[in-house]
file model-v1.tsv (TSV, C-alpha atoms)
chain	number	residue	atom	x	y	z
A	6	MET	CA	26.03	-27.04	-21.29
A	7	VAL	CA	24.68	-25.24	-18.18
A	8	PRO	CA	23.99	-27.48	-15.14
A	9	LEU	CA	20.45	-27.40	-13.76
A	10	PHE	CA	21.50	-25.76	-10.50
A	11	PHE	CA	22.67	-22.68	-12.41
A	12	LEU	CA	19.18	-22.16	-13.85
A	13	PHE	CA	17.86	-21.39	-10.35
A	14	LEU	CA	19.92	-18.20	-10.40
A	15	LEU	CA	17.80	-16.80	-13.20
A	16	LYS	CA	15.25	-14.23	-12.05
A	17	PRO	CA	12.35	-12.66	-13.92
A	18	THR	CA	13.61	-9.68	-15.86
A	19	ASP	CA	10.24	-8.15	-16.68
A	20	THR	CA	6.82	-8.41	-15.18
A	21	THR	CA	3.54	-6.81	-16.21
A	22	GLY	CA	0.53	-6.23	-14.01
A	23	VAL	CA	-1.38	-3.72	-11.93
A	24	ALA	CA	0.30	-0.94	-9.95
A	25	SER	CA	-1.22	1.16	-7.20
A	26	TYR	CA	0.15	3.60	-4.65
A	27	TYR	CA	0.42	3.74	-0.87
A	28	HIS	CA	-2.21	5.30	1.37
A	29	ASN	CA	-1.01	8.25	3.49
A	30	LYS	CA	-1.57	6.22	6.69
A	31	PHE	CA	1.78	4.50	6.03
A	32	VAL	CA	3.84	7.73	6.18
A	33	GLY	CA	6.47	7.45	8.90
A	34	ARG	CA	6.03	3.70	9.41
A	35	LYS	CA	8.99	1.37	8.94
A	36	THR	CA	9.30	-0.48	5.65
A	37	ALA	CA	10.68	-4.01	5.32
A	38	THR	CA	14.19	-2.55	5.04
A	39	GLY	CA	13.75	-0.52	8.25
A	40	GLU	CA	13.51	2.85	6.48
A	41	LYS	CA	10.75	5.28	7.37
A	42	PHE	CA	8.17	5.41	4.59
A	43	SER	CA	7.86	8.72	2.75
A	44	GLN	CA	5.50	9.62	-0.08
A	45	SER	CA	8.14	11.93	-1.59
A	46	LYS	CA	10.70	9.20	-2.38
A	47	LEU	CA	10.81	6.98	-5.45
A	48	THR	CA	10.55	3.69	-3.59
A	49	ALA	CA	8.14	0.79	-3.91
A	50	ALA	CA	6.73	-2.36	-2.39
A	51	SER	CA	6.79	-5.61	-4.36
A	52	ASN	CA	6.59	-9.31	-3.57
A	53	PHE	CA	8.15	-10.26	-6.91
A	54	TYR	CA	11.61	-8.71	-6.50
A	55	ASP	CA	14.30	-8.74	-3.82
A	56	LEU	CA	14.58	-5.78	-1.47
A	57	GLY	CA	17.03	-3.24	-2.86
A	58	THR	CA	16.29	-4.09	-6.50
A	59	LYS	CA	16.02	-1.06	-8.78
A	60	LEU	CA	13.17	-1.25	-11.25
A	61	LYS	CA	12.13	0.71	-14.29
A	62	VAL	CA	8.35	1.07	-14.00
A	63	THR	CA	6.56	1.93	-17.24
A	64	ASN	CA	2.90	2.95	-17.34
A	65	LEU	CA	1.52	0.96	-20.29
A	66	GLU	CA	-1.34	3.43	-20.76
A	67	ASN	CA	0.82	6.51	-21.44
A	68	ASP	CA	4.36	5.08	-21.85
A	69	SER	CA	5.85	7.23	-19.06
A	70	SER	CA	8.48	5.60	-16.84
A	71	ILE	CA	10.41	6.08	-13.60
A	72	ILE	CA	13.15	4.25	-11.69
A	73	VAL	CA	12.27	3.05	-8.17
A	74	ARG	CA	13.98	0.99	-5.47
A	75	VAL	CA	12.10	-1.86	-3.79
A	76	ASN	CA	12.22	-1.29	-0.03
A	77	ASP	CA	9.00	-2.92	1.18
A	78	ARG	CA	6.65	-5.87	0.78
A	79	MET	CA	2.94	-5.84	-0.03
A	80	GLY	CA	-0.09	-7.44	1.54
A	81	ASN	CA	-2.10	-7.37	-1.69
A	82	ARG	CA	-1.16	-10.21	-4.02
A	83	LYS	CA	-3.32	-8.98	-6.92
A	84	ARG	CA	-0.93	-6.15	-7.78
A	85	VAL	CA	2.72	-6.35	-8.81
A	86	ILE	CA	3.87	-3.09	-7.19
A	87	ASP	CA	2.82	-0.30	-4.83
A	88	LEU	CA	4.44	3.06	-5.52
A	89	THR	CA	4.61	6.28	-3.56
A	90	ARG	CA	2.30	9.17	-4.44
A	91	THR	CA	5.29	10.86	-6.10
A	92	GLY	CA	5.79	7.80	-8.31
A	93	ALA	CA	2.09	7.60	-9.16
A	94	LYS	CA	2.03	11.30	-10.05
A	95	LYS	CA	5.10	11.00	-12.31
A	96	LEU	CA	3.49	8.01	-14.05
A	97	GLY	CA	0.20	9.90	-14.43
A	98	PHE	CA	-2.21	7.62	-12.58
A	99	LEU	CA	-2.77	9.52	-9.34
A	100	LYS	CA	-6.47	10.16	-10.08
A	101	GLN	CA	-7.23	6.63	-11.34
A	102	GLY	CA	-5.50	4.94	-8.39
A	103	ILE	CA	-4.28	1.96	-10.41
A	104	THR	CA	-2.74	1.34	-13.83
A	105	GLN	CA	-1.16	-1.39	-15.94
A	106	VAL	CA	2.65	-1.34	-15.73
A	107	LYS	CA	5.71	-3.16	-16.98
A	108	LEU	CA	8.55	-3.71	-14.48
A	109	GLU	CA	12.15	-4.21	-15.62
A	110	ILE	CA	15.24	-4.74	-13.46
A	111	VAL	CA	17.75	-1.95	-14.09
A	112	ASN	CA	20.54	-2.75	-11.63
A	113	GLU	CA	23.10	-5.37	-12.54
A	114	ASP	CA	23.85	-6.53	-8.97
A	115	ILE	CA	20.92	-8.82	-8.30
A	116	THR	CA	20.67	-9.84	-4.66
A	117	ILE	CA	21.00	-13.58	-4.20
A	118	SER	CA	18.75	-15.24	-1.65
A	119	LYS	CA	20.11	-17.63	0.96
A	120	SER	CA	18.57	-20.60	-0.84
A	121	GLN	CA	20.56	-19.75	-3.97
A	122	TRP	CA	23.89	-19.17	-2.19
A	123	PHE	CA	24.96	-22.83	-2.43
A	124	ASN	CA	24.56	-22.77	-6.21
A	125	VAL	CA	26.71	-19.64	-6.51
A	126	SER	CA	29.35	-21.13	-4.21
A	127	VAL	CA	29.59	-24.29	-6.33
A	128	PHE	CA	29.85	-22.15	-9.46
A	129	ARG	CA	32.68	-20.06	-7.92
A	130	MET	CA	34.61	-23.18	-6.88
A	131	GLY	CA	35.37	-23.79	-10.55
A	132	PHE	CA	32.99	-26.52	-11.55
A	133	PRO	CA	32.57	-26.36	-15.35
A	134	LEU	CA	29.38	-25.00	-16.83

call {"tool": "encode", "arguments": {"input": "model-v1.tsv", "output": "structure tokens"}}
result
Amino acid sequence: MVPLFFLFLLKPTDTTGVASYYHNKFVGRKTATGEKFSQSKLTAASNFYDLGTKLKVTNLENDSSIIVRVNDRMGNRKRVIDLTRTGAKKLGFLKQGITQVKLEIVNEDITISKSQWFNVSVFRMGFPL
């Protein structure tokens, strides 16, 4: 049996929703990770995943997909992800501006937030699951 505290470690593995892409006015500005924003990279902004998480983004309208790394946060809560122009072009929605997407975590090392650290520490101390 798995103790309740272990269940808090579970994160969403897939999410569906609306994707858009960044305006050019953000080029050169710092992202939440401190990197300079560039439209040519395959990076993204999302409020649903930890910074550094790698995601497979699939356009549900044409089934094309790319891998991006979350390096920023978004102000708009109606969308699940903001991509770069390069990402939008590869997914085929540059002209439309938005599209329906599915997001899936592709990296196995999921970042653990500070609030979850206690639960991991207890688990590592050898308490039975």

call {"tool": "residues_around", "arguments": {"input": "model-v1.tsv", "residues": "Leu99 of chain A", "least_positions_apart": "4", "cutoff": "9 Å", "atoms": "only C-alpha atoms", "output": "list in words"}}
result
Ser25, Tyr26, Arg90, Thr91, Gly92, Ala93, Lys94, Lys95 and Ile103 of chain A

call {"tool": "atom_distance", "arguments": {"input": "model-v1.tsv", "atom1": "atom CA of Gln105 of chain A", "atom2": "atom CA of Gly39 of chain A"}}
result
28.4 Å

call {"tool": "atom_distance", "arguments": {"input": "model-v1.tsv", "atom1": "atom CA of Lys41 of chain A", "atom2": "atom CA of Arg78 of chain A"}}
result
13.6 Å

call {"tool": "atom_distance", "arguments": {"input": "model-v1.tsv", "atom1": "atom CA of Asp19 of chain A", "atom2": "atom CA of Arg34 of chain A"}}
result
29.0 Å

call {"tool": "closest_residue", "arguments": {"input": "model-v1.tsv", "among": "A:Lys61, A:Lys107, A:Lys46, A:Arg74", "to": "Val23 of chain A", "atoms": "all atoms listed in the file"}}
result
A:Lys107

call {"tool": "residues_around", "arguments": {"input": "model-v1.tsv", "residues": "Asn81 of chain A", "least_positions_apart": "2", "cutoff": "12 Å", "atoms": "only C-alpha atoms", "output": "short mmCIF file (atom, residue, chain, number, x, y, z; two decimals) with C-alpha atoms, in the frame of the given file"}}
result
data_model
loop_
_atom_site.label_atom_id
_atom_site.label_comp_id
_atom_site.auth_asym_id
_atom_site.auth_seq_id
_atom_site.Cartn_x
_atom_site.Cartn_y
_atom_site.Cartn_z
CA VAL A 23 -1.38 -3.72 -11.93
CA ALA A 24 0.30 -0.94 -9.95
CA SER A 25 -1.22 1.16 -7.20
CA TYR A 26 0.15 3.60 -4.65
CA TYR A 27 0.42 3.74 -0.87
CA ALA A 50 6.73 -2.36 -2.39
CA SER A 51 6.79 -5.61 -4.36
CA ASN A 52 6.59 -9.31 -3.57
CA PHE A 53 8.15 -10.26 -6.91
CA ARG A 78 6.65 -5.87 0.78
CA MET A 79 2.94 -5.84 -0.03
CA LYS A 83 -3.32 -8.98 -6.92
CA ARG A 84 -0.93 -6.15 -7.78
CA VAL A 85 2.72 -6.35 -8.81
CA ILE A 86 3.87 -3.09 -7.19
CA ASP A 87 2.82 -0.30 -4.83
#

call {"tool": "closest_residue", "arguments": {"input": "model-v1.tsv", "among": "A:Leu47, A:Ile72, A:Val32, A:Ala37", "to": "Leu88 of chain A", "atoms": "only C-alpha atoms"}}
result
A:Leu47

call {"tool": "closest_residue", "arguments": {"input": "model-v1.tsv", "among": "A:Asp77, A:Gly97, A:Tyr54, A:Leu108", "to": "Phe42 of chain A", "atoms": "only C-alpha atoms"}}
result
A:Asp77

call {"tool": "closest_residue", "arguments": {"input": "model-v1.tsv", "among": "A:Phe98, A:Val73, A:Val62, A:Arg82", "to": "Ser45 of chain A", "atoms": "only C-alpha atoms"}}
result
A:Val73

call {"tool": "closest_residue", "arguments": {"input": "model-v1.tsv", "among": "A:Asn29, A:Thr20, A:Gln44, A:Thr38", "to": "Thr89 of chain A", "atoms": "only C-alpha atoms"}}
result
A:Gln44

call {"tool": "residues_around", "arguments": {"input": "model-v1.tsv", "residues": "Thr63 of chain A", "least_positions_apart": "5", "cutoff": "8 Å", "atoms": "all atoms listed in the file", "output": "PyMOL selection string"}}
result
chain A and resi 68-71+96+106-108
